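Trainee: To start, I am sharing the structure in question, which I have written as structure tokens.
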Amino acid sequence: MQEKKVLKEYGDVEITLGSTELKRGFAQMVKHGVVMDVTNPTQAGIAEDAGAVAVMVLDKLPADIRAKGGVARMATIQAIKETMETVSIPIMAKCRIGHTQEALLLQEIGVDMIDESEVLTPANEASHVWKWPFTVPFVNGCRDLGEALRRIEEGSAMIRTKGEAGTGNVAEAIRHMRLVNKGISELLSTKDDPQELMIKAREMKVSYGTVLQVIDQGRLPVVNFAAGGIATPADAAMMMRMKCDGVFVGSGIYKSQDPEVRASAIVLATTYWDNPEKVLEAQAMVNEKNSMPGIDISTMDEEDKLQIRGANI
């Protein structure tokens, strides 16, 4: 048996490498902040200067992945290492759904968090990566409460809404967050009815114990960010108003004509989302004429949507 590496002891609690406490604790450290997608050290520098709490390294931004098609894989080793050498904030990177080997490589490189992402081309149509044996924390996307809880049971330390990445359209991120909040409210309204809770657990395909964790905390048991289509400071503030813990943004910044200003404005709006004057200041920093063109999701064919990838696993 491999010996546990104890990092620190707090009373009777041992914090060990790869422990749930440590992995979820890292996610807590980036709460209330903005994680920005980047493809190179220059973009990573813009993100850090703007006040991002972390960067997510990809081979291509979601908007480019959508436009170019083909197979989207994890970023190159060189791009990840160059970004790690350029900025001092945490580095995240994406692996394909179910691609355990890509996840192991990212852990070996030393990234701070792995996003098992529907934005990349799924590798396994039957299951996601089983995350508990990893020492690095994972983030996964969701469209509703059941999907979020299934990913948490697999070992995810952080959840984000899927939205519809690369569109510049926040509508789906809002819809998914509404569904998560609605699911939590429904559980809380039946917390004194064990039979009804068991029915809901079966419907969501999760254990009764996981449902009880939600009831005990009154929210998801892990940090929950918004992602997919966030392109303006107002978008970011809207997601925070819906009880998100932070936001992911990428194409909305780097597909705009004012990435440096827009990045700073989105950080400002996320930080002070409940201060109308600050959000107004942030929104005034950007010009709608400089925003990414965006895509009307209602015109998209269902098979072209990235959010459906992995949703039924």
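In the structure tokens, the first chain shown is A, the next is B, and so on; residue numbers restart at 1 for each chain, and ligands run from 1 in the order shown.
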DSSP says strand (DSSP E) for which residues of segment 129-247 of chain A? Put them as an mmCIF file with N, CA and C atoms, in the first residue's frame?

Mentor:
```
data_model
loop_
_atom_site.group_PDB
_atom_site.id
_atom_site.type_symbol
_atom_site.label_atom_id
_atom_site.label_comp_id
_atom_site.auth_asym_id
_atom_site.auth_seq_id
_atom_site.Cartn_x
_atom_site.Cartn_y
_atom_site.Cartn_z
ATOM 1 N N PHE A 138 -10.315 18.118 -10.234
ATOM 2 C CA PHE A 138 -10.999 18.208 -11.522
ATOM 3 C C PHE A 138 -12.155 19.193 -11.437
ATOM 4 N N VAL A 139 -12.471 19.806 -12.593
ATOM 5 C CA VAL A 139 -13.700 20.569 -12.761
ATOM 6 C C VAL A 139 -14.466 19.929 -13.912
ATOM 7 N N ASN A 140 -15.787 19.863 -13.767
ATOM 8 C CA ASN A 140 -16.660 19.309 -14.803
ATOM 9 C C ASN A 140 -17.839 20.237 -15.054
ATOM 10 N N GLY A 141 -18.394 20.152 -16.259
ATOM 11 C CA GLY A 141 -19.559 20.945 -16.602
ATOM 12 C C GLY A 141 -20.857 20.236 -16.276
ATOM 13 N N CYS A 142 -21.938 21.013 -16.187
ATOM 14 C CA CYS A 142 -23.264 20.428 -15.954
ATOM 15 C C CYS A 142 -24.324 21.304 -16.593
ATOM 16 N N MET A 158 -15.001 20.616 -8.417
ATOM 17 C CA MET A 158 -15.558 21.905 -8.829
ATOM 18 C C MET A 158 -16.510 21.658 -9.991
ATOM 19 N N ILE A 159 -17.583 22.418 -10.043
ATOM 20 C CA ILE A 159 -18.575 22.298 -11.102
ATOM 21 C C ILE A 159 -18.706 23.646 -11.800
ATOM 22 N N ARG A 160 -19.017 23.600 -13.086
ATOM 23 C CA ARG A 160 -19.335 24.814 -13.835
ATOM 24 C C ARG A 160 -20.529 24.508 -14.740
ATOM 25 N N THR A 161 -21.330 25.511 -15.013
ATOM 26 C CA THR A 161 -22.368 25.317 -16.017
ATOM 27 C C THR A 161 -21.700 25.146 -17.373
ATOM 28 N N VAL A 223 -17.556 24.033 -5.106
ATOM 29 C CA VAL A 223 -17.625 25.346 -5.746
ATOM 30 C C VAL A 223 -18.281 25.219 -7.126
ATOM 31 N N ASN A 224 -19.095 26.212 -7.491
ATOM 32 C CA ASN A 224 -19.845 26.172 -8.753
ATOM 33 C C ASN A 224 -19.646 27.475 -9.531
ATOM 34 N N PHE A 225 -18.941 27.393 -10.655
ATOM 35 C CA PHE A 225 -18.720 28.550 -11.520
ATOM 36 C C PHE A 225 -19.694 28.523 -12.694
ATOM 37 N N VAL A 247 -16.719 32.879 -12.523
ATOM 38 C CA VAL A 247 -17.019 32.648 -13.934
ATOM 39 C C VAL A 247 -15.781 32.201 -14.703
#
```

Trainee: Might you pull out every residue within 10 Å of Ala226 of chain A, with only C-alpha atoms counted and same-chain residues fewer than 2 positions away left off, and present them as a PyMOL selection string?

Mentor: chain A and resi 34+141-142+159-163+170+173-174+176-177+224+228-230+236+238-240+242-249

Trainee: Let me make sure I understand: among A:Leu188, A:Ala227, A:Leu280, A:Ile46, which one has the smallest atom-to-atom distance to Thr86 of chain A if we use only C-alpha atoms?

Mentor: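 Closest to Thr86 of chain A of all the choices is A:Ile46.
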
Trainee: Find the spatial neighbours of Ile313 of chain A, counting only C-alpha atoms, within a cut-off of 10 Å - ignore same-chain residues fewer than 6 positions away - and output them as a PyMOL selection string.

Mentor: chain A and resi 124-128+147+150-151+205

Trainee: Env of segment 214-216 of chain A: 8 Å cut, atoms = only C-alpha atoms, seq-sep filter 6 positions within chain, self excluded. Answer as a list in words.

Mentor: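 Here the answer would be Ile184, Leu187, Leu188 and Lys191 of chain A.
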
Trainee: Can you tell me which residues surround Ala282 of chain A at a distance of at most 12 Å, considering only C-alpha atoms, apart from same-chain residues fewer than 2 positions away, and format the answer as a PyMOL selection string?

Mentor: chain A and resi 232-237+261-273+275-280+284-287

Trainee: So how many Å separate atom CA of Leu61 of chain A and atom CA of Thr83 of chain A, to one decimal?

Mentor: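 One can read the atom CA of Leu61 of chain A to atom CA of Thr83 of chain A distance as 15.1 Å.
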
Trainee: Give me the residues within 6 Å of Val38 of chain A as a PyMOL selection string, counting only C-alpha atoms and dropping any in the same chain fewer than 4 places off.

Mentor: chain A and resi 43-44+56-57

Trainee: Please run DSSP on the backbone and report, as JSON, numbers by chain, all residues within segment 97-278 of chain A that come out as alpha helix (DSSP H).

Mentor: {"A": [100, 101, 102, 103, 104, 105, 106, 107, 108, 109, 145, 146, 147, 148, 149, 150, 151, 152, 153, 171, 172, 173, 174, 175, 176, 177, 178, 179, 180, 181, 182, 183, 184, 185, 186, 187, 188, 189, 194, 195, 196, 197, 198, 199, 200, 201, 202, 203, 204, 208, 209, 210, 211, 212, 213, 214, 215, 216, 217, 233, 234, 235, 236, 237, 238, 239, 240, 241, 251, 252, 253, 254, 259, 260, 261, 262, 263, 264, 265, 266, 267, 268, 269, 270, 271, 276, 277, 278]}

Trainee: Taking 3 positions as the minimum chain separation for residues in the same chain, which residues sit within 6 Å of Gly166 of chain A when counting only C-alpha atoms? Answer as a ChimeraX atom specification.

Mentor: /A:62-63,251

Trainee: Quick one: write out the picked residues with N, CA and C atoms as a JSON list (two decimals), in the first residue's frame?

Mentor:
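The result, written out as part_21.json:
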```json
[["chain", "number", "residue", "atom", "x", "y", "z"],
["A", 62, "PRO", "N", -12.66, 28.07, -27.65],
["A", 62, "PRO", "CA", -13.91, 27.40, -28.04],
["A", 62, "PRO", "C", -14.50, 27.91, -29.34],
["A", 63, "ALA", "N", -14.43, 29.21, -29.59],
["A", 63, "ALA", "CA", -14.98, 29.75, -30.84],
["A", 63, "ALA", "C", -14.25, 29.18, -32.05],
["A", 251, "SER", "N", -13.45, 32.96, -25.14],
["A", 251, "SER", "CA", -13.72, 33.52, -26.46],
["A", 251, "SER", "C", -14.29, 34.93, -26.35]]
```

Trainee: Which residue gives the smallest distance to Leu306 of chain A among A:Gln195, A:Asn290, A:Thr167, A:Gln283, with only C-alpha atoms counted?

Mentor: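 Looking only at the distances to Leu306 of chain A, the closest residue turns out to be A:Thr167.
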
Trainee: Residues of segment 111-227 of chain A that have any atom at most 9 Å from an atom of segment 69-76 of chain A: could you tabulate them with the shortest-distance atom pair and the distance in Å to one decimal, using only C-alpha atoms, ordered by chain and increasing number, as a Markdown table?

Mentor:
```
| residue | atom | partner | partner_atom | distance |
| --- | --- | --- | --- | --- |
| A:Val119 | CA | A:Ala72 | CA | 7.9 |
| A:Leu120 | CA | A:Ala72 | CA | 4.8 |
| A:Thr121 | CA | A:Ala72 | CA | 5.1 |
| A:Pro122 | CA | A:Ala72 | CA | 8.7 |
```

Trainee: Could you write out the selected residues, including C-alpha atoms, as a compact mmCIF listing (two decimals), in the first residue's frame?

Mentor:
```
# COMPACT_ATOMS: atom_id res chain seq x y z
CA VAL A 119 -15.59 21.62 -25.49
CA LEU A 120 -13.00 19.07 -26.64
CA THR A 121 -13.97 16.02 -28.68
CA PRO A 122 -15.27 13.33 -26.26
```

Trainee: Restricting the calculation to only C-alpha atoms, which member of A:Glu108, A:Glu154, A:Glu172, A:Asp59 is positioned closest to Val129 of chain A?

Mentor: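 Distance minimum relative to Val129 of chain A lands on A:Glu154.
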
Trainee: What separation in Å, quoted to one decimal, exists between atom CA of Arg24 of chain A and atom CA of Ala201 of chain A?

Mentor: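 Spanning atom CA of Arg24 of chain A to atom CA of Ala201 of chain A is a straight-line distance of 22.7 Å.
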